[in-house]
Amino acid sequence: MTPEVDLGYLFDKSYWNMGLGTEASQVTLKFGFWEVKLDWIVAMPKAGYAYAHR
């Protein structure tokens with residue numbers, strides 16, 4: 001069993017709604033699962049960020 005790994009990032013407001021978070025998450029998850037062979041990756045949006053829940 002592998003330890004739990006957290007995925008997190010912050011963007012300045014001027015970079016919101018550009019798809020950067022989605023793109024970063026997809027690449028990171030693919031790397032974590034396929035290359036590092038992690039069993040579990042946790043990502044939770046910060047409370048109050050409505051767009052993070054998409």
# chains A, B, ... in the order shown; residues from 1 in each chain; ligands from 1
$ residues_around --residues "Ser25 (chain A)" --least-positions-apart "6" --cutoff "9 Å" --atoms "only C-alpha atoms" --output "ChimeraX atom specification"
/A:7-9
$ write_last_selection --atoms "N, CA and C atoms" --output "PDB file, in the first residue's frame"
ATOM      1  N   LEU A   7      -2.875  16.319  -3.993  1.00  0.00           N
ATOM      2  CA  LEU A   7      -2.695  17.150  -5.178  1.00  0.00           C
ATOM      3  C   LEU A   7      -3.219  18.535  -4.842  1.00  0.00           C
ATOM      4  N   GLY A   8      -2.408  19.543  -5.014  1.00  0.00           N
ATOM      5  CA  GLY A   8      -2.856  20.898  -4.715  1.00  0.00           C
ATOM      6  C   GLY A   8      -2.140  21.934  -5.560  1.00  0.00           C
ATOM      7  N   TYR A   9      -2.814  23.017  -5.828  1.00  0.00           N
ATOM      8  CA  TYR A   9      -2.219  24.118  -6.576  1.00  0.00           C
ATOM      9  C   TYR A   9      -3.031  25.374  -6.320  1.00  0.00           C
TER      10      TYR A   9
END
$ residues_around --residues "Gly32 (chain A)" --least-positions-apart "6" --cutoff "12 Å" --atoms "only C-alpha atoms" --output "list in words"
Thr2, Glu4, Val5, Asp6, Leu7, Ser25, Gln26, Leu38, Asp39, Trp40, Ile41 and Val42 of chain A
$ write_last_selection --atoms "N, CA and C atoms" --output "CSV table (one decimal), in the first residue's frame"
chain,number,residue,atom,x,y,z
A,2,THR,N,0.6,2.2,-0.9
A,2,THR,CA,1.3,3.4,-0.9
A,2,THR,C,0.8,4.5,0.0
A,4,GLU,N,-0.8,8.1,1.2
A,4,GLU,CA,-1.7,9.0,0.6
A,4,GLU,C,-0.9,10.2,0.0
A,5,VAL,N,-1.2,10.6,-1.2
A,5,VAL,CA,-0.6,11.8,-1.8
A,5,VAL,C,-1.6,12.8,-2.1
A,6,ASP,N,-1.3,14.1,-1.7
A,6,ASP,CA,-2.3,15.2,-2.0
A,6,ASP,C,-1.9,15.9,-3.2
A,7,LEU,N,-2.9,16.3,-4.0
A,7,LEU,CA,-2.7,17.1,-5.2
A,7,LEU,C,-3.2,18.5,-4.8
A,25,SER,N,-4.0,19.2,-13.4
A,25,SER,CA,-4.5,18.0,-12.7
A,25,SER,C,-4.5,16.7,-13.5
A,26,GLN,N,-4.9,16.8,-14.8
A,26,GLN,CA,-4.9,15.7,-15.6
A,26,GLN,C,-3.5,15.1,-15.8
A,38,LEU,N,1.0,5.1,-8.0
A,38,LEU,CA,0.2,5.3,-6.8
A,38,LEU,C,-1.1,4.7,-6.8
A,39,ASP,N,-1.6,4.3,-5.7
A,39,ASP,CA,-2.9,3.7,-5.6
A,39,ASP,C,-4.0,4.7,-5.3
A,40,TRP,N,-3.6,5.8,-4.7
A,40,TRP,CA,-4.6,6.8,-4.2
A,40,TRP,C,-4.0,8.2,-4.3
A,41,ILE,N,-4.8,9.1,-4.9
A,41,ILE,CA,-4.4,10.5,-4.9
A,41,ILE,C,-5.6,11.3,-4.4
A,42,VAL,N,-5.4,12.2,-3.5
A,42,VAL,CA,-6.5,13.0,-2.9
A,42,VAL,C,-6.4,14.5,-3.4
$ select_by_dssp --residues "chain A" --states "alpha helix (DSSP H)" --output "list of chain:residue names"
A:Leu20, A:Gly21, A:Thr22, A:Glu23, A:Ala24, A:Ser25, A:Gln26, A:Val27, A:Thr28, A:Leu29, A:Lys30
$ write_last_selection --atoms "all heavy atoms" --output "CSV table (one decimal), in the first residue's frame"
chain,number,residue,atom,x,y,z
A,20,LEU,N,-6.1,26.0,-16.8
A,20,LEU,CA,-4.8,25.6,-16.3
A,20,LEU,C,-4.9,24.5,-15.2
A,20,LEU,O,-4.1,23.6,-15.1
A,20,LEU,CB,-4.0,26.8,-15.8
A,20,LEU,CG,-3.7,27.8,-16.9
A,20,LEU,CD1,-3.1,29.1,-16.3
A,20,LEU,CD2,-2.9,27.2,-18.0
A,21,GLY,N,-5.9,24.7,-14.3
A,21,GLY,CA,-6.0,23.8,-13.2
A,21,GLY,C,-6.4,22.4,-13.7
A,21,GLY,O,-5.9,21.4,-13.2
A,22,THR,N,-7.3,22.4,-14.7
A,22,THR,CA,-7.7,21.1,-15.3
A,22,THR,C,-6.6,20.4,-15.9
A,22,THR,O,-6.3,19.2,-15.8
A,22,THR,CB,-8.9,21.3,-16.3
A,22,THR,OG1,-10.0,21.9,-15.6
A,22,THR,CG2,-9.3,20.0,-16.9
A,23,GLU,N,-5.8,21.2,-16.7
A,23,GLU,CA,-4.7,20.6,-17.5
A,23,GLU,C,-3.6,20.1,-16.5
A,23,GLU,O,-3.1,19.0,-16.7
A,23,GLU,CB,-4.1,21.7,-18.4
A,23,GLU,CG,-3.0,21.1,-19.3
A,23,GLU,CD,-2.5,22.1,-20.3
A,23,GLU,OE1,-3.2,23.2,-20.5
A,23,GLU,OE2,-1.5,21.8,-20.9
A,24,ALA,N,-3.3,20.9,-15.5
A,24,ALA,CA,-2.3,20.5,-14.5
A,24,ALA,C,-2.7,19.2,-13.7
A,24,ALA,O,-1.9,18.3,-13.5
A,24,ALA,CB,-2.0,21.6,-13.5
A,25,SER,N,-4.0,19.2,-13.4
A,25,SER,CA,-4.5,18.0,-12.7
A,25,SER,C,-4.5,16.7,-13.5
A,25,SER,O,-4.1,15.7,-13.0
A,25,SER,CB,-6.0,18.2,-12.2
A,25,SER,OG,-6.0,19.3,-11.3
A,26,GLN,N,-4.9,16.8,-14.8
A,26,GLN,CA,-4.9,15.7,-15.6
A,26,GLN,C,-3.5,15.1,-15.8
A,26,GLN,O,-3.3,13.9,-15.7
A,26,GLN,CB,-5.5,16.0,-17.0
A,26,GLN,CG,-7.0,16.3,-16.9
A,26,GLN,CD,-7.6,16.8,-18.2
A,26,GLN,OE1,-6.8,17.3,-19.1
A,26,GLN,NE2,-8.9,16.7,-18.4
A,27,VAL,N,-2.5,16.0,-16.1
A,27,VAL,CA,-1.1,15.5,-16.3
A,27,VAL,C,-0.6,14.9,-15.0
A,27,VAL,O,0.1,13.9,-15.0
A,27,VAL,CB,-0.2,16.7,-16.8
A,27,VAL,CG1,1.2,16.3,-16.7
A,27,VAL,CG2,-0.7,17.1,-18.1
A,28,THR,N,-0.8,15.6,-13.8
A,28,THR,CA,-0.3,15.1,-12.6
A,28,THR,C,-1.0,13.8,-12.2
A,28,THR,O,-0.3,12.9,-11.7
A,28,THR,CB,-0.6,16.2,-11.5
A,28,THR,OG1,0.0,17.4,-11.8
A,28,THR,CG2,-0.1,15.7,-10.1
A,29,LEU,N,-2.3,13.6,-12.4
A,29,LEU,CA,-2.9,12.4,-12.1
A,29,LEU,C,-2.4,11.2,-12.9
A,29,LEU,O,-2.1,10.1,-12.5
A,29,LEU,CB,-4.4,12.5,-12.2
A,29,LEU,CG,-5.1,13.4,-11.2
A,29,LEU,CD1,-6.6,13.6,-11.6
A,29,LEU,CD2,-5.0,12.7,-9.8
A,30,LYS,N,-2.2,11.5,-14.2
A,30,LYS,CA,-1.7,10.5,-15.1
A,30,LYS,C,-0.3,10.0,-14.7
A,30,LYS,O,0.0,8.8,-14.6
A,30,LYS,CB,-1.7,11.0,-16.6
A,30,LYS,CG,-1.2,10.0,-17.6
A,30,LYS,CD,-1.3,10.6,-19.0
A,30,LYS,CE,-0.8,9.6,-20.0
A,30,LYS,NZ,-0.8,10.1,-21.4
$ select_by_dssp --residues "chain A" --states "strand (DSSP E or B)" --output "list in words"
Val5, Asp6, Ile41 and Val42 of chain A
$ write_last_selection --atoms "all heavy atoms" --output "PDB file, in the first residue's frame"
ATOM      1  N   VAL A   5      -1.197  10.647  -1.153  1.00  0.00           N
ATOM      2  CA  VAL A   5      -0.552  11.796  -1.775  1.00  0.00           C
ATOM      3  C   VAL A   5      -1.620  12.841  -2.056  1.00  0.00           C
ATOM      4  O   VAL A   5      -2.690  12.529  -2.571  1.00  0.00           O
ATOM      5  CB  VAL A   5       0.144  11.379  -3.093  1.00  0.00           C
ATOM      6  CG1 VAL A   5       0.710  12.583  -3.804  1.00  0.00           C
ATOM      7  CG2 VAL A   5       1.225  10.352  -2.817  1.00  0.00           C
ATOM      8  N   ASP A   6      -1.317  14.085  -1.727  1.00  0.00           N
ATOM      9  CA  ASP A   6      -2.253  15.194  -1.961  1.00  0.00           C
ATOM     10  C   ASP A   6      -1.875  15.939  -3.232  1.00  0.00           C
ATOM     11  O   ASP A   6      -0.697  16.163  -3.503  1.00  0.00           O
ATOM     12  CB  ASP A   6      -2.227  16.185  -0.801  1.00  0.00           C
ATOM     13  CG  ASP A   6      -2.740  15.597   0.489  1.00  0.00           C
ATOM     14  OD1 ASP A   6      -3.700  14.819   0.426  1.00  0.00           O
ATOM     15  OD2 ASP A   6      -2.190  15.903   1.551  1.00  0.00           O
ATOM     16  N   ILE A  41      -4.766   9.138  -4.872  1.00  0.00           N
ATOM     17  CA  ILE A  41      -4.392  10.548  -4.880  1.00  0.00           C
ATOM     18  C   ILE A  41      -5.602  11.328  -4.403  1.00  0.00           C
ATOM     19  O   ILE A  41      -6.712  11.109  -4.882  1.00  0.00           O
ATOM     20  CB  ILE A  41      -3.971  11.031  -6.276  1.00  0.00           C
ATOM     21  CG1 ILE A  41      -2.745  10.240  -6.763  1.00  0.00           C
ATOM     22  CG2 ILE A  41      -3.679  12.525  -6.266  1.00  0.00           C
ATOM     23  CD1 ILE A  41      -2.347  10.538  -8.189  1.00  0.00           C
ATOM     24  N   VAL A  42      -5.396  12.235  -3.466  1.00  0.00           N
ATOM     25  CA  VAL A  42      -6.487  13.019  -2.883  1.00  0.00           C
ATOM     26  C   VAL A  42      -6.402  14.462  -3.372  1.00  0.00           C
ATOM     27  O   VAL A  42      -5.325  15.050  -3.385  1.00  0.00           O
ATOM     28  CB  VAL A  42      -6.402  12.992  -1.336  1.00  0.00           C
ATOM     29  CG1 VAL A  42      -7.459  13.871  -0.724  1.00  0.00           C
ATOM     30  CG2 VAL A  42      -6.516  11.568  -0.827  1.00  0.00           C
TER      31      VAL A  42
END
$ decode --residues "chain A" --atoms "C-alpha atoms" --output "tab-separated table (two decimals), in the first residue's frame"
chain	number	residue	atom	x	y	z
A	1	MET	CA	0.00	0.00	0.00
A	2	THR	CA	1.35	3.43	-0.92
A	3	PRO	CA	1.02	6.48	1.33
A	4	GLU	CA	-1.67	9.00	0.55
A	5	VAL	CA	-0.55	11.80	-1.78
A	6	ASP	CA	-2.25	15.19	-1.96
A	7	LEU	CA	-2.70	17.15	-5.18
A	8	GLY	CA	-2.86	20.90	-4.71
A	9	TYR	CA	-2.22	24.12	-6.58
A	10	LEU	CA	-3.06	27.81	-6.42
A	11	PHE	CA	-3.41	30.26	-9.29
A	12	ASP	CA	-3.51	34.02	-9.22
A	13	LYS	CA	-6.98	35.28	-10.11
A	14	SER	CA	-5.69	36.65	-13.43
A	15	TYR	CA	-5.13	33.00	-14.51
A	16	TRP	CA	-8.58	31.69	-13.58
A	17	ASN	CA	-10.93	30.26	-16.25
A	18	MET	CA	-8.07	29.34	-18.59
A	19	GLY	CA	-8.21	25.59	-17.99
A	20	LEU	CA	-4.80	25.57	-16.30
A	21	GLY	CA	-6.02	23.76	-13.19
A	22	THR	CA	-7.74	21.10	-15.26
A	23	GLU	CA	-4.70	20.61	-17.46
A	24	ALA	CA	-2.30	20.49	-14.49
A	25	SER	CA	-4.53	18.01	-12.66
A	26	GLN	CA	-4.88	15.68	-15.64
A	27	VAL	CA	-1.13	15.53	-16.26
A	28	THR	CA	-0.34	15.11	-12.56
A	29	LEU	CA	-2.91	12.35	-12.07
A	30	LYS	CA	-1.70	10.47	-15.14
A	31	PHE	CA	1.89	10.69	-13.92
A	32	GLY	CA	0.95	9.65	-10.38
A	33	PHE	CA	-1.07	6.62	-11.41
A	34	TRP	CA	0.84	5.40	-14.48
A	35	GLU	CA	4.46	6.34	-13.76
A	36	VAL	CA	4.72	6.41	-9.96
A	37	LYS	CA	2.12	3.62	-9.58
A	38	LEU	CA	0.23	5.35	-6.77
A	39	ASP	CA	-2.94	3.67	-5.57
A	40	TRP	CA	-4.61	6.78	-4.24
A	41	ILE	CA	-4.39	10.55	-4.88
A	42	VAL	CA	-6.49	13.02	-2.88
A	43	ALA	CA	-7.61	16.43	-4.16
A	44	MET	CA	-10.14	18.61	-2.36
A	45	PRO	CA	-11.20	22.12	-3.40
A	46	LYS	CA	-10.87	24.87	-0.86
A	47	ALA	CA	-14.20	25.95	0.63
A	48	GLY	CA	-15.67	28.97	-1.09
A	49	TYR	CA	-14.18	28.35	-4.54
A	50	ALA	CA	-17.29	27.56	-6.57
A	51	TYR	CA	-15.45	26.94	-9.85
A	52	ALA	CA	-13.11	24.41	-8.20
A	53	HIS	CA	-16.06	22.03	-7.79
A	54	ARG	CA	-16.54	21.48	-11.54
